[in-house]
Amino acid sequence: MAYWLVKTEPDEFSWDDLVKKGREAWTGVRNFQARSHLKNMKVGDRAFFYHTGDEKQIVGIAEIVREHYPDPTAQPGEPWVVVDVKAVAPLARPVTLKEIKADKALSDMVLVKVARLSVQPVTAEQWKIVGRLGGAKV
């Protein structure tokens, strides 16, 4: 199993939206590096669900339930892809970007180094640390 982090503006699509829908295509990614990460996701992989904007915090855990396929929101011929995700569990306590940046064990996390990347890998060790900070069973 691999671990990821997916970022969203909560005003556009929030954790609560994913919980209500149960499952959703992760549309709208328009960055080649993020697209590459989407293509590497496998069914069963887990992802932290991160609210950007004013919140800047990890709020839940999602699971990849369908591997990449063409993004239905892309223009014909564009190379963009999506994966389907489902809500697994909210974190007992959101983990803020400020907390992550303050933890030396997380200093190499992509979220710290390349903050604007909307889909990014998370190492197994980072997953455990952030999960523990958020009160998840990891």
# chains A, B, ... in the order shown; residues from 1 in each chain; ligands from 1
>>> residues_around(residues="region 113-119 of chain A", least_positions_apart="5", cutoff="7 Å", atoms="only C-alpha atoms", output="list in words")
Leu5, Val6, Lys7, Ala34, His37 and Asp108 of chain A
>>> residues_around(residues="Pro79 (chain A)", least_positions_apart="2", cutoff="10 Å", atoms="only C-alpha atoms", output="list in words")
Arg30, Phe32, Arg35, Pro70, Asp71, Ala74, Gln75, Pro76, Gly77 and Val81 of chain A
>>> write_last_selection(atoms="C-alpha atoms", output="PDB file, in the first residue's frame")
ATOM      1  CA  ARG A  30      -3.969  20.346 -14.007  1.00  0.00           C
ATOM      2  CA  PHE A  32       1.861  17.195 -14.715  1.00  0.00           C
ATOM      3  CA  ARG A  35      -1.037  13.818 -12.715  1.00  0.00           C
ATOM      4  CA  PRO A  70      -9.593  10.230 -18.225  1.00  0.00           C
ATOM      5  CA  ASP A  71     -10.798  13.305 -16.334  1.00  0.00           C
ATOM      6  CA  ALA A  74     -10.948  17.963 -19.211  1.00  0.00           C
ATOM      7  CA  GLN A  75     -11.294  19.220 -22.771  1.00  0.00           C
ATOM      8  CA  PRO A  76     -11.194  16.549 -25.493  1.00  0.00           C
ATOM      9  CA  GLY A  77      -7.630  15.475 -26.167  1.00  0.00           C
ATOM     10  CA  VAL A  81      -6.729  11.886 -15.361  1.00  0.00           C
TER      11      VAL A  81
END
>>> residues_around(residues="Val65 (chain A)", least_positions_apart="6", cutoff="7 Å", atoms="only C-alpha atoms", output="number ranges by chain")
A: 43-44, 84-86
>>> closest_residue(among="A:Gly135, A:Trp15, A:Arg46, A:Gly53", to="Pro121 (chain A)", atoms="only C-alpha atoms")
A:Arg46
>>> select_by_dssp(residues="region 6-112 of chain A", states="strand (DSSP E)", output="PyMOL selection string")
chain A and resi 6-8+23-25+46-51+57-70+81-96
>>> write_last_selection(atoms="N, CA and C atoms", output="compact mmCIF listing (two decimals), in the first residue's frame")
# COMPACT_ATOMS: atom_id res chain seq x y z
N VAL A 6 -4.04 14.43 -0.77
CA VAL A 6 -4.77 15.17 -1.81
C VAL A 6 -5.32 16.44 -1.18
N LYS A 7 -5.19 17.53 -1.93
CA LYS A 7 -5.55 18.84 -1.42
C LYS A 7 -6.80 19.36 -2.13
N THR A 8 -7.64 20.03 -1.37
CA THR A 8 -8.84 20.61 -1.93
C THR A 8 -9.20 21.90 -1.19
N ARG A 23 -18.29 8.43 -2.41
CA ARG A 23 -17.23 8.16 -3.39
C ARG A 23 -17.26 9.28 -4.41
N GLU A 24 -16.07 9.68 -4.90
CA GLU A 24 -16.04 10.79 -5.85
C GLU A 24 -14.78 10.70 -6.71
N ALA A 25 -14.90 11.14 -7.96
CA ALA A 25 -13.74 11.26 -8.83
C ALA A 25 -12.96 12.50 -8.41
N ARG A 46 -4.06 4.66 0.51
CA ARG A 46 -4.72 5.62 1.40
C ARG A 46 -4.18 7.02 1.12
N ALA A 47 -5.02 8.02 1.41
CA ALA A 47 -4.63 9.41 1.20
C ALA A 47 -5.14 10.29 2.33
N PHE A 48 -4.29 11.17 2.79
CA PHE A 48 -4.76 12.21 3.70
C PHE A 48 -5.57 13.20 2.89
N PHE A 49 -6.65 13.67 3.45
CA PHE A 49 -7.55 14.64 2.82
C PHE A 49 -7.24 15.99 3.46
N TYR A 50 -6.70 16.91 2.67
CA TYR A 50 -6.18 18.19 3.17
C TYR A 50 -7.03 19.35 2.68
N HIS A 51 -7.49 20.17 3.62
CA HIS A 51 -8.21 21.39 3.28
C HIS A 51 -7.21 22.54 3.14
N GLN A 57 -5.15 22.27 6.79
CA GLN A 57 -5.07 21.17 7.74
C GLN A 57 -5.56 19.88 7.12
N ILE A 58 -4.99 18.78 7.62
CA ILE A 58 -5.43 17.45 7.23
C ILE A 58 -6.63 17.11 8.11
N VAL A 59 -7.73 16.72 7.46
CA VAL A 59 -8.97 16.51 8.20
C VAL A 59 -9.49 15.07 8.15
N GLY A 60 -8.99 14.26 7.21
CA GLY A 60 -9.52 12.92 7.11
C GLY A 60 -8.61 11.99 6.32
N ILE A 61 -9.06 10.74 6.24
CA ILE A 61 -8.34 9.71 5.49
C ILE A 61 -9.29 9.16 4.44
N ALA A 62 -8.80 9.10 3.21
CA ALA A 62 -9.57 8.57 2.08
C ALA A 62 -8.85 7.34 1.53
N GLU A 63 -9.58 6.57 0.75
CA GLU A 63 -9.02 5.39 0.10
C GLU A 63 -9.23 5.49 -1.40
N ILE A 64 -8.23 5.06 -2.16
CA ILE A 64 -8.35 5.01 -3.61
C ILE A 64 -9.19 3.77 -3.94
N VAL A 65 -10.31 3.98 -4.67
CA VAL A 65 -11.20 2.87 -4.99
C VAL A 65 -11.30 2.60 -6.49
N ARG A 66 -10.71 3.47 -7.31
CA ARG A 66 -10.61 3.22 -8.75
C ARG A 66 -9.35 3.89 -9.25
N GLU A 67 -8.58 3.15 -10.03
CA GLU A 67 -7.33 3.70 -10.57
C GLU A 67 -7.61 4.66 -11.71
N HIS A 68 -6.58 5.35 -12.14
CA HIS A 68 -6.72 6.49 -13.05
C HIS A 68 -7.47 6.16 -14.35
N TYR A 69 -8.23 7.18 -14.77
CA TYR A 69 -8.97 7.14 -16.04
C TYR A 69 -9.12 8.59 -16.49
N PRO A 70 -9.54 8.85 -17.74
CA PRO A 70 -9.59 10.23 -18.23
C PRO A 70 -10.50 11.12 -17.37
N VAL A 81 -6.10 13.10 -15.88
CA VAL A 81 -6.73 11.89 -15.36
C VAL A 81 -7.30 12.13 -13.96
N VAL A 82 -8.12 11.19 -13.52
CA VAL A 82 -8.67 11.21 -12.17
C VAL A 82 -8.53 9.82 -11.56
N VAL A 83 -8.69 9.74 -10.27
CA VAL A 83 -8.91 8.49 -9.55
C VAL A 83 -10.19 8.69 -8.75
N ASP A 84 -10.82 7.61 -8.35
CA ASP A 84 -11.98 7.72 -7.46
C ASP A 84 -11.51 7.48 -6.04
N VAL A 85 -12.05 8.29 -5.13
CA VAL A 85 -11.71 8.16 -3.71
C VAL A 85 -12.99 8.01 -2.89
N LYS A 86 -12.84 7.37 -1.74
CA LYS A 86 -13.96 7.30 -0.80
C LYS A 86 -13.46 7.69 0.58
N ALA A 87 -14.35 8.21 1.38
CA ALA A 87 -14.02 8.58 2.75
C ALA A 87 -13.84 7.33 3.59
N VAL A 88 -12.79 7.29 4.38
CA VAL A 88 -12.55 6.19 5.30
C VAL A 88 -12.90 6.63 6.71
N ALA A 89 -12.27 7.72 7.16
CA ALA A 89 -12.52 8.20 8.52
C ALA A 89 -12.00 9.63 8.67
N PRO A 90 -12.71 10.44 9.46
CA PRO A 90 -12.15 11.74 9.78
C PRO A 90 -11.03 11.56 10.80
N LEU A 91 -10.12 12.51 10.85
CA LEU A 91 -9.14 12.48 11.93
C LEU A 91 -9.86 12.94 13.20
N ALA A 92 -9.51 12.35 14.32
CA ALA A 92 -10.12 12.75 15.59
C ALA A 92 -9.82 14.22 15.86
N ARG A 93 -8.66 14.64 15.39
CA ARG A 93 -8.23 16.04 15.55
C ARG A 93 -7.50 16.44 14.28
N PRO A 94 -7.95 17.50 13.59
CA PRO A 94 -7.22 17.94 12.38
C PRO A 94 -5.76 18.26 12.71
N VAL A 95 -4.90 17.99 11.75
CA VAL A 95 -3.47 18.28 11.89
C VAL A 95 -3.15 19.44 10.97
N THR A 96 -2.70 20.54 11.56
CA THR A 96 -2.47 21.76 10.79
C THR A 96 -1.11 21.76 10.10
>>> closest_residue(among="A:Thr73, A:Asn40, A:Met1, A:Val130", to="Trp26 (chain A)", atoms="only C-alpha atoms")
A:Thr73
>>> closest_residue(among="A:Ala102, A:Thr123, A:Arg132, A:Glu12", to="Thr52 (chain A)", atoms="only C-alpha atoms")
A:Glu12
>>> select_by_dssp(residues="chain A", states="alpha helix (DSSP H)", output="PyMOL selection string")
chain A and resi 15-21+32-40+97-102+110-113+124-133
>>> closest_residue(among="A:Gly22, A:Val29, A:Ser14, A:Lys39", to="Glu55 (chain A)", atoms="only C-alpha atoms")
A:Ser14
>>> atom_distance(atom1="CA of Gly28 (chain A)", atom2="CA of Trp4 (chain A)")
17.0 Å
